[in-house]
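*Asks:* Have a peek at my_file_4.cif (mmCIF, C-alpha atoms).
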```cif
data_coords
loop_
_atom_site.label_atom_id
_atom_site.label_comp_id
_atom_site.auth_asym_id
_atom_site.auth_seq_id
_atom_site.Cartn_x
_atom_site.Cartn_y
_atom_site.Cartn_z
CA ASN K 1 84.93 30.64 -37.33
CA ALA K 2 82.91 29.96 -34.20
CA GLY K 3 80.40 32.65 -35.20
CA VAL K 4 78.51 34.19 -32.29
CA THR K 5 79.06 32.56 -28.92
CA GLN K 6 77.14 33.25 -25.72
CA THR K 7 77.79 32.27 -22.13
CA PRO K 8 76.31 30.99 -19.94
CA LYS K 9 73.66 28.79 -21.57
CA PHE K 10 71.48 28.76 -18.47
CA ARG K 11 71.38 30.78 -15.27
CA ILE K 12 69.10 31.13 -12.27
CA LEU K 13 69.33 34.40 -10.34
CA LYS K 14 67.71 35.57 -7.16
CA ILE K 15 65.89 38.90 -7.16
CA GLY K 16 68.35 41.75 -6.72
CA GLN K 17 71.41 39.82 -7.87
CA SER K 18 73.52 41.03 -10.76
CA MET K 19 75.16 39.22 -13.63
CA THR K 20 76.78 39.73 -17.01
CA LEU K 21 75.78 37.82 -20.10
CA GLN K 22 78.73 37.40 -22.41
CA CYS K 23 78.63 37.63 -26.20
CA THR K 24 81.58 37.24 -28.54
CA GLN K 25 81.80 37.12 -32.32
CA ASP K 26 84.87 36.26 -34.37
CA MET K 27 83.63 37.48 -37.75
CA ASN K 28 84.88 41.06 -37.36
CA HIS K 29 81.30 42.31 -37.52
CA ASN K 30 80.65 45.96 -36.80
CA TYR K 31 77.07 45.71 -35.58
CA MET K 32 76.03 43.74 -32.51
CA TYR K 33 72.63 43.35 -30.89
CA TRP K 34 71.03 42.05 -27.71
CA TYR K 35 67.47 40.73 -27.85
CA ARG K 36 65.18 39.11 -25.33
CA GLN K 37 62.54 36.57 -26.26
CA ASP K 38 59.66 35.93 -23.90
CA PRO K 39 57.62 32.72 -24.25
CA GLY K 40 55.48 32.71 -27.39
CA MET K 41 56.76 36.10 -28.45
CA GLY K 42 59.10 37.55 -31.00
CA LEU K 43 62.43 39.12 -30.21
CA LYS K 44 62.61 42.54 -28.62
CA LEU K 45 65.73 44.65 -29.04
CA ILE K 46 67.41 45.66 -25.78
CA TYR K 47 70.58 47.43 -26.92
CA TYR K 48 72.71 47.54 -30.01
CA SER K 49 76.13 48.76 -31.08
CA VAL K 50 77.38 49.97 -34.44
CA GLY K 51 81.02 49.66 -33.50
CA ALA K 52 83.49 49.64 -30.64
CA GLY K 53 82.77 52.44 -28.19
CA ILE K 54 79.26 53.11 -29.56
CA THR K 55 76.05 51.76 -28.04
CA ASP K 56 72.41 52.73 -28.29
CA LYS K 57 69.10 51.77 -26.70
CA GLY K 58 66.60 49.50 -28.36
CA GLU K 59 62.93 48.98 -27.55
CA VAL K 60 63.32 47.58 -24.03
CA PRO K 61 66.56 48.88 -22.43
CA ASN K 62 65.36 49.46 -18.86
CA GLY K 63 67.17 47.33 -16.30
CA TYR K 64 70.12 46.58 -18.59
CA ASN K 65 73.47 48.07 -19.47
CA VAL K 66 75.98 47.31 -22.20
CA SER K 67 79.49 48.21 -23.22
CA ARG K 68 81.49 47.67 -26.40
CA SER K 69 85.17 48.10 -25.68
CA THR K 70 86.25 45.78 -28.51
CA THR K 71 84.80 44.76 -31.87
CA GLU K 72 84.47 41.16 -30.69
CA ASP K 73 82.71 41.50 -27.33
CA PHE K 74 79.34 42.95 -26.38
CA PRO K 75 78.44 42.03 -22.77
CA LEU K 76 74.98 42.67 -21.33
CA ARG K 77 74.76 43.57 -17.65
CA LEU K 78 71.80 43.14 -15.32
CA GLU K 79 72.39 45.13 -12.15
CA LEU K 80 69.34 44.32 -10.01
CA ALA K 81 67.64 41.26 -11.41
CA ALA K 82 63.83 41.24 -11.38
CA PRO K 83 61.36 38.44 -12.22
CA SER K 84 60.29 40.44 -15.30
CA GLN K 85 63.76 39.80 -16.71
CA THR K 86 63.15 36.06 -16.89
CA SER K 87 63.59 35.39 -20.59
CA VAL K 88 65.83 33.93 -23.26
CA TYR K 89 68.52 36.36 -24.35
CA PHE K 90 70.01 36.30 -27.83
CA CYS K 91 73.05 38.13 -29.09
CA ALA K 92 73.43 38.78 -32.81
CA SER K 93 75.86 40.48 -35.16
CA ILE K 94 76.07 41.68 -38.74
CA LEU K 95 78.96 42.99 -40.79
CA THR K 96 77.06 46.07 -41.83
CA LEU K 97 73.50 47.02 -42.74
CA GLY K 98 72.12 44.93 -45.56
CA TYR K 99 74.02 41.82 -44.55
CA GLU K 100 72.76 38.69 -42.78
CA GLN K 101 72.27 38.86 -39.01
CA TYR K 102 73.89 35.91 -37.22
CA PHE K 103 72.47 34.81 -33.88
CA GLY K 104 74.10 33.12 -30.94
CA PRO K 105 72.52 30.04 -29.27
CA GLY K 106 70.92 32.07 -26.48
CA THR K 107 71.08 32.32 -22.69
CA ARG K 108 68.06 31.13 -20.72
CA LEU K 109 67.74 33.28 -17.58
CA THR K 110 65.33 32.71 -14.72
CA VAL K 111 64.94 35.24 -11.92
CA THR K 112 63.17 33.98 -8.80
CA GLY T 1 58.33 50.61 -31.10
CA GLN T 2 57.29 49.29 -34.49
CA GLN T 3 54.46 46.79 -34.57
CA LEU T 4 54.78 43.74 -36.81
CA ASN T 5 51.67 41.59 -37.06
CA GLN T 6 52.37 38.05 -38.15
CA SER T 7 49.71 35.52 -39.10
CA PRO T 8 48.69 32.89 -38.57
CA GLN T 9 49.96 32.33 -35.04
CA SER T 10 50.10 28.58 -35.56
CA MET T 11 49.52 26.06 -38.31
CA PHE T 12 49.01 22.30 -38.32
CA ILE T 13 49.39 20.79 -41.76
CA GLN T 14 49.84 17.43 -43.44
CA GLU T 15 53.21 16.56 -44.92
CA GLY T 16 53.25 17.56 -48.58
CA GLU T 17 50.92 20.52 -48.19
CA ASP T 18 51.91 24.08 -49.04
CA VAL T 19 52.13 26.74 -46.35
CA SER T 20 51.59 30.49 -46.47
CA MET T 21 52.22 33.04 -43.77
CA ASN T 22 52.43 36.80 -43.81
CA CYS T 23 53.60 39.80 -41.91
CA THR T 24 52.22 43.34 -41.93
CA SER T 25 53.53 46.56 -40.50
CA SER T 26 52.15 49.98 -39.75
CA SER T 27 55.41 51.48 -41.02
CA ILE T 28 57.42 51.28 -44.19
CA PHE T 29 60.40 48.94 -44.08
CA ASN T 30 63.33 48.88 -46.48
CA THR T 31 64.36 45.35 -45.58
CA TRP T 32 62.25 42.30 -44.82
CA LEU T 33 63.75 39.11 -43.42
CA TRP T 34 62.36 35.67 -42.69
CA TYR T 35 63.88 33.45 -39.99
CA LYS T 36 63.28 29.94 -38.70
CA GLN T 37 63.86 29.04 -35.06
CA ASP T 38 64.19 25.49 -33.80
CA PRO T 39 63.59 24.74 -30.10
CA GLY T 40 66.49 25.86 -27.93
CA GLU T 41 68.29 27.55 -30.81
CA GLY T 42 68.73 31.05 -32.13
CA PRO T 43 66.90 32.15 -35.28
CA VAL T 44 68.47 31.25 -38.62
CA LEU T 45 67.98 33.46 -41.66
CA LEU T 46 65.97 31.88 -44.49
CA ILE T 47 65.42 34.71 -46.96
CA ALA T 48 66.29 38.41 -47.10
CA LEU T 49 64.40 40.94 -49.24
CA TYR T 50 65.75 44.39 -50.04
CA LYS T 51 63.45 45.82 -52.71
CA ALA T 52 59.71 46.47 -52.94
CA GLY T 53 58.08 43.85 -55.16
CA GLU T 54 61.06 41.50 -54.89
CA LEU T 55 60.28 37.81 -55.06
CA THR T 56 63.05 35.53 -53.82
CA SER T 57 63.28 31.76 -53.53
CA ASN T 58 65.43 29.50 -51.42
CA GLY T 59 64.68 25.88 -52.34
CA ARG T 60 61.06 25.21 -51.41
CA LEU T 61 60.74 28.61 -49.76
CA THR T 62 59.56 31.72 -51.57
CA ALA T 63 59.19 35.15 -50.02
CA GLN T 64 57.92 38.44 -51.37
CA PHE T 65 58.50 42.05 -50.36
CA GLY T 66 55.14 43.81 -50.66
CA ILE T 67 54.76 46.70 -53.06
CA THR T 68 53.58 49.01 -50.28
CA ARG T 69 56.73 48.09 -48.27
CA LYS T 70 54.44 47.37 -45.34
CA ASP T 71 54.06 43.64 -45.79
CA SER T 72 55.81 40.43 -46.72
CA PHE T 73 54.81 36.85 -47.42
CA LEU T 74 56.54 33.51 -46.99
CA ASN T 75 55.42 30.37 -48.78
CA ILE T 76 56.72 26.86 -48.20
CA SER T 77 55.88 24.30 -50.84
CA ALA T 78 55.54 20.54 -50.31
CA SER T 79 56.17 20.68 -46.56
CA ILE T 80 58.29 18.02 -44.87
CA PRO T 81 58.67 17.11 -41.18
CA SER T 82 61.91 19.10 -40.78
CA ASP T 83 59.99 22.30 -41.64
CA VAL T 84 58.61 22.17 -38.09
CA GLY T 85 59.60 25.22 -36.08
CA ILE T 86 58.72 28.83 -35.48
CA TYR T 87 58.99 31.25 -38.37
CA PHE T 88 59.62 34.92 -37.71
CA CYS T 89 59.47 37.90 -39.97
CA ALA T 90 61.68 40.87 -39.23
CA GLY T 91 61.92 44.29 -40.74
CA GLN T 92 64.23 47.22 -40.76
CA VAL T 93 62.84 50.72 -41.03
CA ASP T 94 63.99 53.17 -43.62
CA THR T 95 66.48 54.80 -41.28
CA GLY T 96 68.20 53.52 -38.21
CA ASN T 97 69.85 50.28 -37.31
CA GLN T 98 67.10 48.40 -35.51
CA PHE T 99 65.43 45.20 -36.64
CA TYR T 100 61.87 44.58 -35.49
CA PHE T 101 60.50 41.05 -35.17
CA GLY T 102 57.03 39.62 -35.60
CA THR T 103 55.49 37.36 -32.96
CA GLY T 104 56.11 34.21 -34.97
CA THR T 105 54.17 31.46 -36.72
CA SER T 106 54.48 28.02 -35.17
CA LEU T 107 54.40 25.32 -37.85
CA THR T 108 53.63 21.69 -37.13
CA VAL T 109 53.87 19.17 -39.96
CA ILE T 110 52.00 15.91 -39.47
CA PRO T 111 53.65 12.98 -41.28
#
```
Give the structure from the file, written as structure tokens.

*Replies:*
Amino acid sequence: NAGVTQTPKFRILKIGQSMTLQCTQDMNHNYMYWYRQDPGMGLKLIYYSVGAGITDKGEVPNGYNVSRSTTEDFPLRLELAAPSQTSVYFCASILTLGYEQYFGPGTRLTVT
Amino acid sequence: GQQLNQSPQSMFIQEGEDVSMNCTSSSIFNTWLWYKQDPGEGPVLLIALYKAGELTSNGRLTAQFGITRKDSFLNISASIPSDVGIYFCAGQVDTGNQFYFGTGTSLTVIP
């Protein structure tokens, strides 16, 4: 198993541009999560999904959108990038509640 | 959102020393987790706690789920250079699917 994979690893965006951060897991996990980590801070939940077709907002959802059309994929969309969205983004998944949360390697995004 | 206070923020210790860090919450959690993050990597789970009062070990690491369900502790015994990294606590509230993370403890081990 590859576990949780994220692409791209790094990206620089100009203000107002849009992009999609990709996340894929091959462990048949039901739950998937998107977090952002600002320098020197813990992870903040952006969105999560409990299964295909179901998504819900986390602590900091503004400026982001997600979809979950398959169990494997959980892309995160930024429509109008802003400097405040400069951060490291982590995707994670778990089989179900009470099980270990596996993290991807992260995407480092800079908006200038 | 839920507030998790983690302390200390950073630690500088000599190799071989023991380390203690803790995490407190204003809310009750039914799961406490401890992660380690190396530079440029995602967090990796060290220990998971599911029951108030639970004490769990993983090698030189020991973590406890506080009786009040509002705190947790992580101890590392006989530290070694590869223990260097940032340690995060995370909790899950009694209902819902969200995990909340502390702000991290940065550990530096001096050989």

*Asks:* Pull out every residue of chain K that has at least one atom within 10 Å of chain T, counting all atoms listed in the file, and report them as a PyMOL selection string.

*Replies:* chain K and resi 31+33+37+40-45+47-50+56-60+88-92+96-108

*Asks:* Give the answer as one residue: which of K:Pro8, K:Gly51, K:Gly16, K:Gly3 has the shortest atom-to-atom distance to Ser67 (chain K), using all atoms listed in the file?

*Replies:*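 Answer, going by the shortest atom-to-atom distance: K:Gly51.
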
*Asks:* To one decimal in Å, tell me the separation between CA of Leu76 (chain K) and CA of Trp34 (chain K).

*Replies:*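 Between CA of Leu76 (chain K) and CA of Trp34 (chain K) the gap is 7.5 Å.
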
*Asks:* Under the rule that all atoms listed in the file are counted, which of K:Val111, K:Cys23, K:Ala82, K:Ile94 is the nearest residue to Thr70 (chain K)?

*Replies:* K:Cys23

*Asks:* Of the residues K:Thr86, K:Leu95, K:Pro75, K:Asp38, which is the one nearest to Arg11 (chain K), using all atoms listed in the file?

*Replies:*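 Under the stated criterion, the closest residue is K:Thr86.
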
*Asks:* For the provided coordinates, the residues matched by the PyMOL selection byres ((chain T and resi 26) around 12) should be stated as a list in words.

*Replies:*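 Against this file, the PyMOL selection byres ((chain T and resi 26) around 12) returns the residues Gly1, Gln2, Gln3, Leu4, Asn5, Cys23, Thr24, Ser25, Ser27, Ile28, Phe29, Thr68, Arg69, Lys70, Asp71, Gly91, Val93 and Tyr100 of chain T.
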
*Asks:* Name the residues in contact with Phe12 (chain T) at a cut-off of 8 Å, using all atoms listed in the file, excluding same-chain residues fewer than 2 positions from it; report them as a PyMOL selection string.

*Replies:* chain T and resi 10+14+107-110

*Asks:* Save the residues we just selected, C-alpha atoms, as a tab-separated table (two decimals), in the coordinates of the input?

*Replies:*
```tsv
chain	number	residue	atom	x	y	z
T	10	SER	CA	50.10	28.58	-35.56
T	14	GLN	CA	49.84	17.43	-43.44
T	107	LEU	CA	54.40	25.32	-37.85
T	108	THR	CA	53.63	21.69	-37.13
T	109	VAL	CA	53.87	19.17	-39.96
T	110	ILE	CA	52.00	15.91	-39.47
```

*Asks:* For a quick check of understanding, using only C-alpha atoms, which of K:Gln6, K:Gln85, K:Ser69, K:Asn62 has the smallest distance to Thr24 (chain K)?

*Replies:*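 Closest residue, counting only C-alpha atoms: K:Gln6.
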
*Asks:* Between CA of Asn30 (chain K) and CA of Thr71 (chain K), measure the distance and give it in Å to one decimal.

*Replies:*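 Going from CA of Asn30 (chain K) over to CA of Thr71 (chain K) covers 6.6 Å.
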
*Asks:* Pick from K:Thr5, K:Asn65, K:Ser93, K:Gln25: nearest to Glu79 (chain K), with only C-alpha atoms counted?

*Replies:* K:Asn65

*Asks:* Apply the PyMOL selection byres ((chain K and resi 12) around 8) to the file shown and report the selected residues as a ChimeraX atom specification.

*Replies:* /K:10-11,13-14,109-112
